[in-house]
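Okay, so here's the structure we're looking at.
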Amino acid sequence: MRWLVGWSSAVARSSGAPGATGRTVLPVGGQLLWDDPDPLWAVGDWRVDEVRVVEADPVRSGGHGSAYGAPAYGDHAYADPDYRTASARSSARGVAARARLAVLGRCHATDEELRIGLFAARGGALRHLSMWPGSYTAVLQIGRRITVVGDLAGARPVFHTRWAGGTAYATAALPLADLIEAGLDVTYLAARLACPDSPEALGAGTPYQDVRRVPPGHALILRDGVPEIAGYEPRASLAVGETRSPADAEQALSGVREALVEAVRARLAQPRYVPEADEAPAPGVGADLSGGSASSTLALLAAGLPGMPGTPPGLGERAGQRLRAVTFNDLATSGESARDAELDRARAMAADPRLHHVVVPGGPETLPYADLLDSGPLTDEPGPALVSAERHRRRLAAGGADHLVGLGARHVLDAHPARLADLLLDRNRRHLLRPAAALAKAEGSAYRSAFVPLTVYRAARRLARTPYQQGVEQTAGQLLERRFDDFRATGLEASLAALTWCRPGPAAGWLTGEALAEVSIRLQDAAARPGSVGRPGERRARAALARAAADARVFEQAVEVRSQRLHAPFLDNQVVRACQALPETLRVRPGARAAVLRGVLAASGVRELPPGWGATTQSATVLAQRAGLRSFADELFGLFSAPLLADAGLVDAGVVRGALRAAAQGEPLPLDGLAELVGTEVWLRRLLARRGSCWTGTEAPRQRAVATGVPPRLPLRG
């Protein structure tokens with residue numbers, strides 16, 4: 001896991017850097033980017049070209065392309081291996097900077113563009129620091145003022161906590177929990193299971209007490225240790241929207257294409273990384289290639305861009321290969337027609353000579369829920385990706401050292417069902433007909449198609465006329481009354497159930513009454529707070545994207561392959577902005593995601609796609625989940641024989657075991673909720689079995705976060 005950490009306080013503290021008079025607190029394995037009084041470190045296996053620091057108006061400088069001796073990004077050369085300690089050397093020589101900017105991650109901007117951004121941000125234009133293609137975190141220092149800019153989706157979050165008379169910040173929550181010796185926030189875990197995509201329930205919390213999260217689209221500003229959260233993205237107007245012309249729609253589609261191409265180019269423009277380990281991924285750039293629309297779009301775009309995306313010259317028979325496209329072949333469910341059709345579509349696209357196709361077979365040992373009891377990587381937070389990590393790690397190990405994945409495409413391109421209410425608020429009633437007709441067709445003979453549009457219209461109108469406070473309070477009451485029948489619904493009923501301001505998550509039905517009562521109190525408190533909330537569809541879509549980005553971050557950590565970087569271009573700032581600019585009338589229609597990506601590929605010169613391209617693969621995912629539940633039922637029952645979730649008062653172990661047994665037998669239970677429960681239990685066990693701490697030094701914490709014992713039970717309310 002890679003992260004950055006720093007702090008700001010009213011009274012300067014020694015950072016323990018070389019040459020300092022005292023050693024206080026140091027991150028284990030940290031490399032100093034700049035020194036006291038407000039130090040900043042990069043921790044973990046960062047590559048040299050992933051960390052850059054530029055200065056404005058240094059007193060003395062060496063005249064290099066970047067402030068600390070690294071060549072300009074556009075040179076595509078490796079920087080000075082000692083760049084991380086160059087700031088300490090500069091401090092010893094008396095070099096001082098009035099303003100400086102650190103950018104960590106994959107940022108497709110030249111050093112000159114970074115300096116321009118530094119000057120713009122110094123004048124107050126923080127949004128400028130989020131406009132470059134790629135995925136990165138920017139830290140700005142102007143005198144004693146520190147600004148940490150998070151991303152729009154939440155895939156690169158920022159956390160902070162009060163510490164030593166000031167504020168410590170990091171891009172991971174666990175190190176901050178270690179720093180303050182935090183315990184588990186069990187109420188937050190309850191909220192995460194009960195309402196995972198509801199900011200009203202989650203707030204700014206984390207699984208660790210007193211460690212806070214900066215919301216997506218916001219920046220953390222520290223002045224003498226005092227934190228302030230400021231949004232840098234303009235909010236949409238609440239006025240009635242104007243109907244966009246076809247020319248506007250074409251311009252928005254062109255914007256999505258340009259943003260995706262630039263996001264892929266940002267990864268191809270980086271130096272080719274050659275892993276040293278024998279069992280490491282292949283050198284160069286790879287991509288997932290399934291029969292779906294998201295991953296295949298990235299693979300085809302990367303293969304079509306100028307340059308050599310694959311293995312660099314000089315590596316024997318592998319030299320000169322084009323993009324390494326990886327397809328996972330699930331042999332455990334290979335008899336199913338949906339999986340076979342997806343593999344056939346992938347093979348048809350891989351016939352392109354610009355792609356080097358690799359098919360990775362997976363047997364029963366790669367089904368979801370395999371090897372849960374074995375020790376695995378401890379992620380920063382829990383997530384459903386923990387139950388299928390081995391499955392995805394097998395595929396990614398065959399990919400490239402830099403590997404493109406399609407995570408986030410569904411949430412940035414597809415319209416949330418609550419967007420139908422936004423159409424009514426914009427007086428676009430006629431655009432409700434196409435999605436309503438699609439629902440009627442999907443339901444078949446179960447419903448009369450003549451009544452379905454009216455049913456959808458009424459549900460959308462009800463949401464458009466429901467005040468935010470009333471909608472949240474209704475969900476709070478639903479939790480107290482344990483009304484969760486709609487989670488067994490499919491098709492039309494599921495879409496109608498999603499037409500709400502706030503909704504319980506799929507795991508809520510298995511939580512205890514005590515846990516649900518705590519979450520209900522959180523919802524009632526949120527409903528009572530004043531403030532502008534925007535439109536229901538916009539708010540629900542933004543919250544769902546934040547949840548998906550958080551899950552993608554857990555996925556990246558859970559499936560980590562040594563010497564490999566995963567890249568999710570759909571979660572980049574510029575791609576998110578471009579997709580948000582698409583007209584609602586274009587997004588709220590059947591097959592919108594596939595249609596948009598088909599247009600992106602056509603504009604990039606890819607016009608021949610196999611039949612069935614863009615079909616959803618959810619049925620294959622459900623089949624794999626049920627097969628995993630059947631195959632590893634004994635292990636799951638053992639996991640929940642004495643679960644930590646029950647010790648914390650969150651679930652009843654017998655109820656969960658019954659649900660696992662029923663799901664394995666094919667009953668229509670919410671499998672996503674089971675994955676959330678199992679993933680949280682696995683995460684808790686790994687957290688409590690953890691050894692060591694993220695910090696060292698004479699004033700380092702005496703124990704790590706959640707050092708021993710069992711998670712505390714939920715507090716009882718009087």
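Convention: chains lettered A, B, ... in structure tokens order; per-chain residue numbering from 1; ligands numbered from 1 as shown.
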
Leu432 of chain A surroundings by only C-alpha atoms, 10 Å radius, close-in-sequence under 3 positions cut, as a PyMOL selection string: chain A and resi 420-421+423-424+428-429+435-437+453-454+456-457+460+585+588-589

Residues within 9 Å of Asn329 of chain A, only C-alpha atoms, excluding chain neighbours under 3 positions, as a PyMOL selection string: chain A and resi 332-334+339-340+343+359-363

Which residue of A:Thr110, A:Thr161, A:Thr137, A:Gln251 approaches Ala182 of chain A most closely, using only C-alpha atoms: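 Looking at the shortest contact to Ala182 of chain A, the residue is A:Thr161.
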
Minimum-distance residue to Arg345 of chain A, chosen among A:Leu32, A:Val678, A:Leu609, A:Cys107 (using only C-alpha atoms): A:Leu609

Which residues, written as a CSV table (one decimal) with C-alpha atoms, in the first residue's frame, have at least one atom at most 7 Å from His128 of chain A, with only C-alpha atoms counted and residues fewer than 5 positions away on the same chain left out?
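Okay, result-v3.csv is ready:
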```csv
chain,number,residue,atom,x,y,z
A,117,GLY,CA,-1.0,25.2,-11.6
A,120,ALA,CA,-2.9,29.5,-10.1
A,121,ALA,CA,-3.6,27.7,-6.9
```

Per-residue DSSP, segment 364-570 of chain A, filtered to strand (DSSP E), as a list in words: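 Written out, the strand (DSSP E) residues of segment 364-570 of chain A are Gly400, Ala401, Asp402, His403, Leu404, Arg565, Leu566 and His567 of chain A.
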
Counting only C-alpha atoms, the residue of A:Gly255, A:Gly477, A:Pro281, A:Gly673 that sits nearest Val575 of chain A: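 Ranked by minimum distance to Val575 of chain A, first place goes to A:Gly255.
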
From A:Asp402, A:Glu556, A:Asp352, A:Asp672, residue lying nearest Leu378 of chain A [only C-alpha atoms]: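 So, comparing all the options, the nearest one is A:Glu556.
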
Distance of atom CA of Leu367 of chain A from atom CA of Ser641 of chain A, expressed in Å to one decimal place: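 Between these atoms lies a distance of 21.9 Å.
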
Counting only C-alpha atoms, the option among A:Ser135, A:Ser8, A:Gln574, A:Gln31 closest to Ile221 of chain A: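 Nearest to Ile221 of chain A: A:Ser8.
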